[in-house]
Structures are given as structure tokens and as C-alpha cells.
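Below is one structure; the comments refer to it alone.
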Amino acid sequence: MRASAQVIAAQVPDFALQGQADFSGRALNGAMQEDQPSLFAEVPTLPEGIEYVHEFLSPAEERELAEHFGTLPLKPFQFHGFEGKRRTVSFGWHYAFDGSGLSRTDPIPDWLLPARSRAAAFAGLPEEAIEHALLIEYAPGAGIGWHRDRPQFGDVVGISLLAAARIRFRRKRGERWERAALNAEPRSAYLLRGPARTEWEHSLPEVEQLRYSITFRTLKRKEG
């Protein structure tokens with residue numbers, strides 16, 4: 001955790017603690033408020049709809065999952081002809097930014113199913129509701145710019161491996177940006193739903209150490 005960041009764990013509202021008892025008895029202390037110039041409105045807590053838990057995985061589980069990353073067919077992220085520094089692979093569904101959008105791909109592998117089961121329990125969802133898994137390798141110098149996950153997806157559960165990541169959030173309010181940040185520690189997990197998912201953008205600065213992430217997503221279904 002950076003010394004300049006202000007820890008605001010004591011101010012995290014009750015919604016951010018729901019569903020954590022089954023995974024960790026530790027206090028939630030990953031929430032941080034970014035240092036802001038006067039242009040930005042202050043946000044004293046994390047955006048509504050974020051839940052965060054420490055030690056979601058054991059060190060042994062983290063090592064096992066990280067070892068699998070070495071066997072994956074990871075490829076540089078492609079975005080409208082741009083090639084990113086991070087490398088990715090998707091299971092269940094794949095979203096392409098070449099205009100083709102969402103399509104089916106290889107099923108979620110068996111070795112990833114226990115993590116999916118735990119992510120579903122954390123989010124209060126049936127296992128089968130999580131149909132998409134995105135695995136990302138962040139080599140030193142890789143990050144991700146401001147974005148919201150594609151509208152075809154619903155709830156998002158992210159798991160951090162090997163290194164911490166400072167996940168930044170922002171939302172436009174009039175002429176100002178509201179901003180907040182979460183220090184996602186190794187072996188931790190976070191859930192994005194509601195306003196945090198639909199109103200707030202998030203980004204990840206360039207990492208200094210190798211980091212892996214596992215992102216599980218539900219799909220939105222059209223009614224009728």
C-alpha cells in the first residue's frame with residue numbers, strides 16, 4: 001500500500017462487508033481514497049456495489065492457479081488494431097473488439113471450476129450463472145485504461161494473484177470527477193455490481209511486478 005494513500009477502511013459502509021464472513025474474518029482495509037486536486041469531488045467510501053475480501057485464496061491455492069497460467073495460450077490484448085501489453089485468454093465466451101462482439105469459446109477448464117464455485121458463493125450466485133472467465137497476465141509495465149466492462153456482461157468478480165493492484169474508479173458528476181481506489185492485494189477478490197458496475201469506470205496503472213488476474217462474469221440475458 002502506498003504511503004501517500006489514505007486508508008478509509010473504517011468508513012466502508014455495511015454493503016461492502018456483506019458476504020465476507022465465509023471467506024475471511026479479517027477487517028476490510030483495502031479501500032483507499034486517491035489524493036485529489038481541488039478539481040475533483042471527494043468520495044469518502046468505495047462506490048456503491050463493490051464488495052472486497054482479503055485472503056479469498058490460500059497461498060497454496062494461489063500458487064496452483066499461477067502455475068496454470070504458464071500453460072495457457074495467452075495472446076496480447078487486441079483493441080481495434082491496437083495491441084496491448086497485457087496478455088489474455090477467455091473461456092466460456094470471448095468478446096472481440098473487431099466488430100464481431102461476443103461469441104462462444106472453449107469451456108471453463110476443470111482446474112478453474114473450484115475458483116468459479118467460490119466466486120459464485122462470494123457473489124451470492126449459482127455456479128452456472130458465471131459463464132465467462134477472462135485470465136490476464138500483467139507483465140511489468142502493463143496496465144489497463146479507463147473503461148467499463150461491456151454491457152453484455154453482468155456481475156464481475158475479480159481475483160488477484162502474485163502482486164497487488166491499485167484499481168482506480170471514477171464517475172463524472174457535472175464538471176467534476178468523483179474518484180476512489182481499491183488496493184487489491186494478492187489472493188483477494190472483489191465484486192462489481194450495481195452502480196459500481198454501470199456508472200463508474202475503472203482502470204489499472206502500469207504494474208511493477210508480474211501479476212495475474214482471473215475475472216469471472218455473468219451474462220445479461222434479453223427478456224422475452
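Here, A, B, ... name the chains of the C-alpha cells in the order displayed, residue numbers run from 1 inside each chain, and ligands are numbered from 1 in the same displayed order.
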Exercise. May I have the residues within 9 Å of segment 161-176 of chain A as a ChimeraX atom specification, using only C-alpha atoms and disregarding those fewer than 4 positions away in the same chain?
Key: /A:1,34,39-41,46-47,62-63,65-66,146,180-188,196,199-205,207-214
Could you take the residues named above and write them with C-alpha atoms, as an mmCIF file, in the first residue's frame?
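again.cif, freshly written:
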data_model
loop_
_atom_site.group_PDB
_atom_site.id
_atom_site.type_symbol
_atom_site.label_atom_id
_atom_site.label_comp_id
_atom_site.auth_asym_id
_atom_site.auth_seq_id
_atom_site.Cartn_x
_atom_site.Cartn_y
_atom_site.Cartn_z
ATOM 1 C CA MET A 1 0.000 0.000 0.000
ATOM 2 C CA GLU A 34 -6.811 8.879 -4.107
ATOM 3 C CA LEU A 39 -10.965 19.873 -9.427
ATOM 4 C CA PHE A 40 -12.193 16.511 -8.194
ATOM 5 C CA ALA A 41 -15.027 15.797 -5.798
ATOM 6 C CA LEU A 46 -15.849 2.915 -2.276
ATOM 7 C CA PRO A 47 -18.583 3.202 -4.917
ATOM 8 C CA GLU A 62 -2.697 -19.022 -5.377
ATOM 9 C CA ARG A 63 0.469 -20.944 -6.328
ATOM 10 C CA LEU A 65 -3.574 -21.234 -10.085
ATOM 11 C CA ALA A 66 -0.475 -19.223 -11.014
ATOM 12 C CA TRP A 146 -10.323 3.718 -18.179
ATOM 13 C CA ALA A 180 -11.811 6.387 -5.423
ATOM 14 C CA ALA A 181 -9.369 3.499 -5.398
ATOM 15 C CA LEU A 182 -9.064 -0.033 -4.111
ATOM 16 C CA ASN A 183 -5.784 -1.757 -3.296
ATOM 17 C CA ALA A 184 -6.490 -5.306 -4.486
ATOM 18 C CA GLU A 185 -3.975 -7.419 -2.625
ATOM 19 C CA PRO A 186 -2.683 -10.827 -3.758
ATOM 20 C CA ARG A 187 -5.216 -13.612 -3.109
ATOM 21 C CA SER A 188 -8.027 -11.082 -2.627
ATOM 22 C CA ALA A 196 -20.022 0.356 -9.399
ATOM 23 C CA GLU A 199 -21.910 4.119 -13.552
ATOM 24 C CA TRP A 200 -18.243 4.029 -12.622
ATOM 25 C CA GLU A 201 -15.260 3.455 -14.887
ATOM 26 C CA HIS A 202 -12.152 1.713 -13.603
ATOM 27 C CA SER A 203 -8.514 1.446 -14.641
ATOM 28 C CA LEU A 204 -5.254 -0.134 -13.530
ATOM 29 C CA PRO A 205 -1.924 1.739 -13.606
ATOM 30 C CA VAL A 207 2.244 -2.700 -12.647
ATOM 31 C CA GLU A 208 5.781 -3.024 -11.354
ATOM 32 C CA GLN A 209 5.696 -6.780 -10.756
ATOM 33 C CA LEU A 210 4.228 -9.738 -12.600
ATOM 34 C CA ARG A 211 0.550 -10.054 -11.751
ATOM 35 C CA TYR A 212 -2.147 -12.467 -12.852
ATOM 36 C CA SER A 213 -5.867 -11.851 -12.602
ATOM 37 C CA ILE A 214 -8.929 -14.026 -13.002
#
Practice problem: For Glu127 of chain A, please output as JSON, numbers by chain all residues within 10 Å (counting only C-alpha atoms; exclusion window: fewer than 4 positions along the same chain). | Solution: {"A": [113, 114, 116, 117, 118, 119, 120, 121, 123, 131, 218]}
Quiz item: Just how far from atom CA of Ile144 of chain A is atom CA of Glu206 of chain A, in Å to one decimal?
Solution: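 Separation of atom CA of Glu206 of chain A and atom CA of Ile144 of chain A: 7.5 Å.
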Exercise. Apply DSSP to the structure's backbone, then extract all residues of segment 58-126 of chain A labelled helix (DSSP H, G or I) and return them as a list in words.
Key: Pro59, Ala60, Glu61, Glu62, Arg63, Glu64, Leu65, Ala66, Glu67, His68, Phe69, Asp110, Trp111, Leu112, Leu113, Pro114, Ala115, Arg116, Ser117, Arg118, Ala119, Ala120, Ala121, Phe122 and Ala123 of chain A
Output N, CA and C atoms of each residue in that selection to a file, as a PDB file, in the first residue's frame.
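Below is the file that was written, part_37.pdb:
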ATOM      1  N   PRO A  59      -2.409 -19.271   0.188  1.00  0.00           N
ATOM      2  CA  PRO A  59      -1.172 -19.208  -0.596  1.00  0.00           C
ATOM      3  C   PRO A  59      -0.978 -20.422  -1.493  1.00  0.00           C
ATOM      4  N   ALA A  60      -1.373 -21.602  -1.017  1.00  0.00           N
ATOM      5  CA  ALA A  60      -1.232 -22.813  -1.835  1.00  0.00           C
ATOM      6  C   ALA A  60      -2.150 -22.760  -3.058  1.00  0.00           C
ATOM      7  N   GLU A  61      -3.379 -22.279  -2.867  1.00  0.00           N
ATOM      8  CA  GLU A  61      -4.302 -22.160  -3.993  1.00  0.00           C
ATOM      9  C   GLU A  61      -3.798 -21.135  -4.995  1.00  0.00           C
ATOM     10  N   GLU A  62      -3.250 -20.041  -4.488  1.00  0.00           N
ATOM     11  CA  GLU A  62      -2.697 -19.022  -5.377  1.00  0.00           C
ATOM     12  C   GLU A  62      -1.569 -19.609  -6.225  1.00  0.00           C
ATOM     13  N   ARG A  63      -0.648 -20.348  -5.591  1.00  0.00           N
ATOM     14  CA  ARG A  63       0.469 -20.944  -6.328  1.00  0.00           C
ATOM     15  C   ARG A  63      -0.023 -21.910  -7.402  1.00  0.00           C
ATOM     16  N   GLU A  64      -1.012 -22.710  -7.064  1.00  0.00           N
ATOM     17  CA  GLU A  64      -1.536 -23.683  -8.023  1.00  0.00           C
ATOM     18  C   GLU A  64      -2.162 -22.988  -9.230  1.00  0.00           C
ATOM     19  N   LEU A  65      -2.956 -21.970  -8.982  1.00  0.00           N
ATOM     20  CA  LEU A  65      -3.574 -21.234 -10.085  1.00  0.00           C
ATOM     21  C   LEU A  65      -2.519 -20.528 -10.929  1.00  0.00           C
ATOM     22  N   ALA A  66      -1.528 -19.927 -10.280  1.00  0.00           N
ATOM     23  CA  ALA A  66      -0.475 -19.223 -11.014  1.00  0.00           C
ATOM     24  C   ALA A  66       0.305 -20.172 -11.904  1.00  0.00           C
ATOM     25  N   GLU A  67       0.519 -21.391 -11.452  1.00  0.00           N
ATOM     26  CA  GLU A  67       1.242 -22.365 -12.265  1.00  0.00           C
ATOM     27  C   GLU A  67       0.488 -22.681 -13.553  1.00  0.00           C
ATOM     28  N   HIS A  68      -0.835 -22.692 -13.489  1.00  0.00           N
ATOM     29  CA  HIS A  68      -1.632 -22.970 -14.684  1.00  0.00           C
ATOM     30  C   HIS A  68      -1.478 -21.876 -15.735  1.00  0.00           C
ATOM     31  N   PHE A  69      -1.220 -20.646 -15.305  1.00  0.00           N
ATOM     32  CA  PHE A  69      -1.047 -19.559 -16.268  1.00  0.00           C
ATOM     33  C   PHE A  69       0.094 -19.854 -17.234  1.00  0.00           C
ATOM     34  N   ASP A 110     -11.515 -27.527 -16.067  1.00  0.00           N
ATOM     35  CA  ASP A 110     -11.826 -28.138 -14.778  1.00  0.00           C
ATOM     36  C   ASP A 110     -11.018 -27.532 -13.638  1.00  0.00           C
ATOM     37  N   TRP A 111      -9.748 -27.200 -13.889  1.00  0.00           N
ATOM     38  CA  TRP A 111      -8.905 -26.698 -12.803  1.00  0.00           C
ATOM     39  C   TRP A 111      -9.345 -25.326 -12.304  1.00  0.00           C
ATOM     40  N   LEU A 112     -10.169 -24.643 -13.108  1.00  0.00           N
ATOM     41  CA  LEU A 112     -10.636 -23.310 -12.732  1.00  0.00           C
ATOM     42  C   LEU A 112     -12.014 -23.350 -12.053  1.00  0.00           C
ATOM     43  N   LEU A 113     -12.672 -24.510 -12.105  1.00  0.00           N
ATOM     44  CA  LEU A 113     -14.033 -24.609 -11.575  1.00  0.00           C
ATOM     45  C   LEU A 113     -14.123 -24.381 -10.064  1.00  0.00           C
ATOM     46  N   PRO A 114     -13.166 -24.870  -9.250  1.00  0.00           N
ATOM     47  CA  PRO A 114     -13.270 -24.559  -7.812  1.00  0.00           C
ATOM     48  C   PRO A 114     -13.219 -23.061  -7.527  1.00  0.00           C
ATOM     49  N   ALA A 115     -12.390 -22.323  -8.267  1.00  0.00           N
ATOM     50  CA  ALA A 115     -12.344 -20.870  -8.088  1.00  0.00           C
ATOM     51  C   ALA A 115     -13.653 -20.233  -8.531  1.00  0.00           C
ATOM     52  N   ARG A 116     -14.232 -20.753  -9.611  1.00  0.00           N
ATOM     53  CA  ARG A 116     -15.528 -20.226 -10.053  1.00  0.00           C
ATOM     54  C   ARG A 116     -16.594 -20.479  -8.996  1.00  0.00           C
ATOM     55  N   SER A 117     -16.583 -21.675  -8.405  1.00  0.00           N
ATOM     56  CA  SER A 117     -17.566 -22.004  -7.382  1.00  0.00           C
ATOM     57  C   SER A 117     -17.463 -21.052  -6.202  1.00  0.00           C
ATOM     58  N   ARG A 118     -16.249 -20.753  -5.777  1.00  0.00           N
ATOM     59  CA  ARG A 118     -16.055 -19.850  -4.650  1.00  0.00           C
ATOM     60  C   ARG A 118     -16.451 -18.425  -5.021  1.00  0.00           C
ATOM     61  N   ALA A 119     -16.138 -18.009  -6.266  1.00  0.00           N
ATOM     62  CA  ALA A 119     -16.526 -16.671  -6.722  1.00  0.00           C
ATOM     63  C   ALA A 119     -18.043 -16.533  -6.755  1.00  0.00           C
ATOM     64  N   ALA A 120     -18.722 -17.587  -7.189  1.00  0.00           N
ATOM     65  CA  ALA A 120     -20.188 -17.555  -7.230  1.00  0.00           C
ATOM     66  C   ALA A 120     -20.763 -17.424  -5.823  1.00  0.00           C
ATOM     67  N   ALA A 121     -20.192 -18.177  -4.869  1.00  0.00           N
ATOM     68  CA  ALA A 121     -20.674 -18.083  -3.490  1.00  0.00           C
ATOM     69  C   ALA A 121     -20.445 -16.685  -2.928  1.00  0.00           C
ATOM     70  N   PHE A 122     -19.292 -16.110  -3.222  1.00  0.00           N
ATOM     71  CA  PHE A 122     -18.977 -14.754  -2.774  1.00  0.00           C
ATOM     72  C   PHE A 122     -19.998 -13.754  -3.304  1.00  0.00           C
ATOM     73  N   ALA A 123     -20.409 -13.940  -4.560  1.00  0.00           N
ATOM     74  CA  ALA A 123     -21.362 -13.019  -5.185  1.00  0.00           C
ATOM     75  C   ALA A 123     -22.814 -13.387  -4.920  1.00  0.00           C
TER      76      ALA A 123
END
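Of the residues listed (A:Val53, A:Ala133, A:Ile159, A:Leu125), A:Ala133 shows the shortest atom-to-atom separation from Ile108 of chain A; distances use only C-alpha atoms.
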Quiz item: Which is closer to Leu191 of chain A than all the others in A:Ala96, A:Ala139, A:Leu219, A:Val157, using only C-alpha atoms?
Solution: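 The closest residue to Leu191 of chain A is A:Val157.
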Practice problem: Pick out the residues sitting within 7 Å of Lys75 of chain A, and hand them over as a PyMOL selection string; count only C-alpha atoms, and ignore anything fewer than 6 positions along from it in its own chain. | Solution: chain A and resi 87-89
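Going from atom CA of Arg179 of chain A over to atom CA of Thr45 of chain A, you cover 9.7 Å.
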Quiz prompt | atom CA of Gly49 of chain A to atom CA of Arg193 of chain A, straight-line distance in Å | solution =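 Computing the Euclidean distance for atom CA of Arg193 of chain A and atom CA of Gly49 of chain A yields 5.0 Å.
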Quiz item: Do you know which residues are at most 6 Å from Tyr190 of chain A counting only C-alpha atoms, after dropping those on the same chain fewer than 3 positions away, and could you put them as a PyMOL selection string?
Solution: chain A and resi 51-52+157-158
Practice problem: Would you list the contacts of Pro76 of chain A as a ChimeraX atom specification, taking every protein, DNA or RNA residue within 10 Å and counting only C-alpha atoms, but skipping same-chain residues closer than 5 positions in sequence? | Solution: /A:82-89,136-137
Keeping C-alpha atoms, export the residues of the selection given above as a short mmCIF file (atom, residue, chain, number, x, y, z; two decimals), in the first residue's frame.
data_model
loop_
_atom_site.label_atom_id
_atom_site.label_comp_id
_atom_site.auth_asym_id
_atom_site.auth_seq_id
_atom_site.Cartn_x
_atom_site.Cartn_y
_atom_site.Cartn_z
CA PHE A 82 -4.12 -1.80 -31.10
CA GLU A 83 -2.04 -4.45 -29.31
CA GLY A 84 -1.82 -4.10 -25.55
CA LYS A 85 0.99 -5.14 -23.23
CA ARG A 86 -1.20 -7.46 -21.19
CA ARG A 87 -1.86 -10.97 -22.45
CA THR A 88 -5.26 -12.66 -22.15
CA VAL A 89 -7.30 -15.77 -22.75
CA ILE A 136 -4.90 -11.86 -17.77
CA GLU A 137 -1.14 -11.70 -17.41
#
Exercise. Run DSSP on the backbone and give me the residues of segment 25-210 of chain A it puts in strand (DSSP E), as a ChimeraX atom specification.
Key: /A:31-33,41-42,50-53,75-79,82-91,93-96,101-104,130-138,144-147,153-161,165-173,176-184,189-192,201-204
Residues from last step as file, C-alpha atoms, as a CSV table (one decimal), in the first residue's frame:
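Result file follows (part_21.csv):
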chain,number,residue,atom,x,y,z
A,31,ALA,CA,-10.2,0.8,0.4
A,32,MET,CA,-8.3,4.0,-0.4
A,33,GLN,CA,-9.2,7.5,-1.5
A,41,ALA,CA,-15.0,15.8,-5.8
A,42,GLU,CA,-14.1,13.7,-2.8
A,50,ILE,CA,-18.3,-3.0,-4.6
A,51,GLU,CA,-17.5,-5.8,-2.2
A,52,TYR,CA,-14.0,-6.8,-1.3
A,53,VAL,CA,-12.5,-9.7,0.7
A,75,LYS,CA,-2.1,-13.7,-26.5
A,76,PRO,CA,-1.6,-9.9,-26.5
A,77,PHE,CA,-4.9,-8.0,-26.0
A,78,GLN,CA,-6.3,-6.7,-29.2
A,79,PHE,CA,-8.4,-3.5,-29.4
A,82,PHE,CA,-4.1,-1.8,-31.1
A,83,GLU,CA,-2.0,-4.5,-29.3
A,84,GLY,CA,-1.8,-4.1,-25.5
A,85,LYS,CA,1.0,-5.1,-23.2
A,86,ARG,CA,-1.2,-7.5,-21.2
A,87,ARG,CA,-1.9,-11.0,-22.5
A,88,THR,CA,-5.3,-12.7,-22.1
A,89,VAL,CA,-7.3,-15.8,-22.8
A,90,SER,CA,-11.1,-16.3,-22.4
A,91,PHE,CA,-13.2,-19.3,-21.5
A,93,TRP,CA,-17.3,-16.7,-24.0
A,94,HIS,CA,-15.0,-14.3,-25.8
A,95,TYR,CA,-15.6,-10.7,-26.6
A,96,ALA,CA,-13.7,-9.4,-29.7
A,101,GLY,CA,-18.6,-8.9,-30.4
A,102,LEU,CA,-19.5,-11.9,-28.2
A,103,SER,CA,-19.0,-15.5,-29.2
A,104,ARG,CA,-18.6,-18.9,-27.6
A,130,ILE,CA,-20.9,-17.4,-14.1
A,131,GLU,CA,-20.4,-18.3,-17.8
A,132,HIS,CA,-17.3,-16.3,-18.7
A,133,ALA,CA,-13.7,-16.3,-17.4
A,134,LEU,CA,-11.0,-13.9,-18.5
A,135,LEU,CA,-7.5,-14.6,-17.4
A,136,ILE,CA,-4.9,-11.9,-17.8
A,137,GLU,CA,-1.1,-11.7,-17.4
A,138,TYR,CA,0.2,-8.3,-16.5
A,144,ILE,CA,-5.4,-1.1,-18.5
A,145,GLY,CA,-7.0,2.2,-19.3
A,146,TRP,CA,-10.3,3.7,-18.2
A,147,HIS,CA,-13.3,1.6,-19.2
A,153,PHE,CA,-21.8,-8.8,-19.1
A,154,GLY,CA,-23.5,-8.5,-15.7
A,155,ASP,CA,-21.8,-9.0,-12.3
A,156,VAL,CA,-18.0,-9.1,-12.2
A,157,VAL,CA,-15.8,-11.0,-9.7
A,158,GLY,CA,-12.0,-10.3,-9.9
A,159,ILE,CA,-9.3,-12.4,-8.2
A,160,SER,CA,-5.7,-11.1,-7.9
A,161,LEU,CA,-2.7,-13.3,-8.0
A,165,ALA,CA,-3.0,-3.8,-8.0
A,166,ARG,CA,-4.4,-0.3,-7.4
A,167,ILE,CA,-7.7,-0.3,-9.1
A,168,ARG,CA,-8.9,3.3,-9.7
A,169,PHE,CA,-12.5,4.3,-10.1
A,170,ARG,CA,-14.1,7.5,-11.5
A,171,ARG,CA,-17.5,8.8,-12.2
A,172,LYS,CA,-18.4,12.2,-13.9
A,173,ARG,CA,-20.6,14.5,-11.8
A,176,ARG,CA,-16.2,17.2,-11.7
A,177,TRP,CA,-14.9,13.6,-11.5
A,178,GLU,CA,-15.6,11.6,-8.3
A,179,ARG,CA,-12.7,9.3,-7.7
A,180,ALA,CA,-11.8,6.4,-5.4
A,181,ALA,CA,-9.4,3.5,-5.4
A,182,LEU,CA,-9.1,0.0,-4.1
A,183,ASN,CA,-5.8,-1.8,-3.3
A,184,ALA,CA,-6.5,-5.3,-4.5
A,189,ALA,CA,-11.3,-10.8,-4.5
A,190,TYR,CA,-13.7,-8.1,-5.4
A,191,LEU,CA,-17.3,-7.9,-6.7
A,192,LEU,CA,-18.6,-5.2,-9.0
A,201,GLU,CA,-15.3,3.5,-14.9
A,202,HIS,CA,-12.2,1.7,-13.6
A,203,SER,CA,-8.5,1.4,-14.6
A,204,LEU,CA,-5.3,-0.1,-13.5
Quiz item: Which residue gives the smallest distance to Arg217 of chain A among A:Gln152, A:Thr71, A:Thr105, A:Ser58, with only C-alpha atoms counted?
Solution: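 Residue with the minimum atom-to-atom distance to Arg217 of chain A: A:Gln152.
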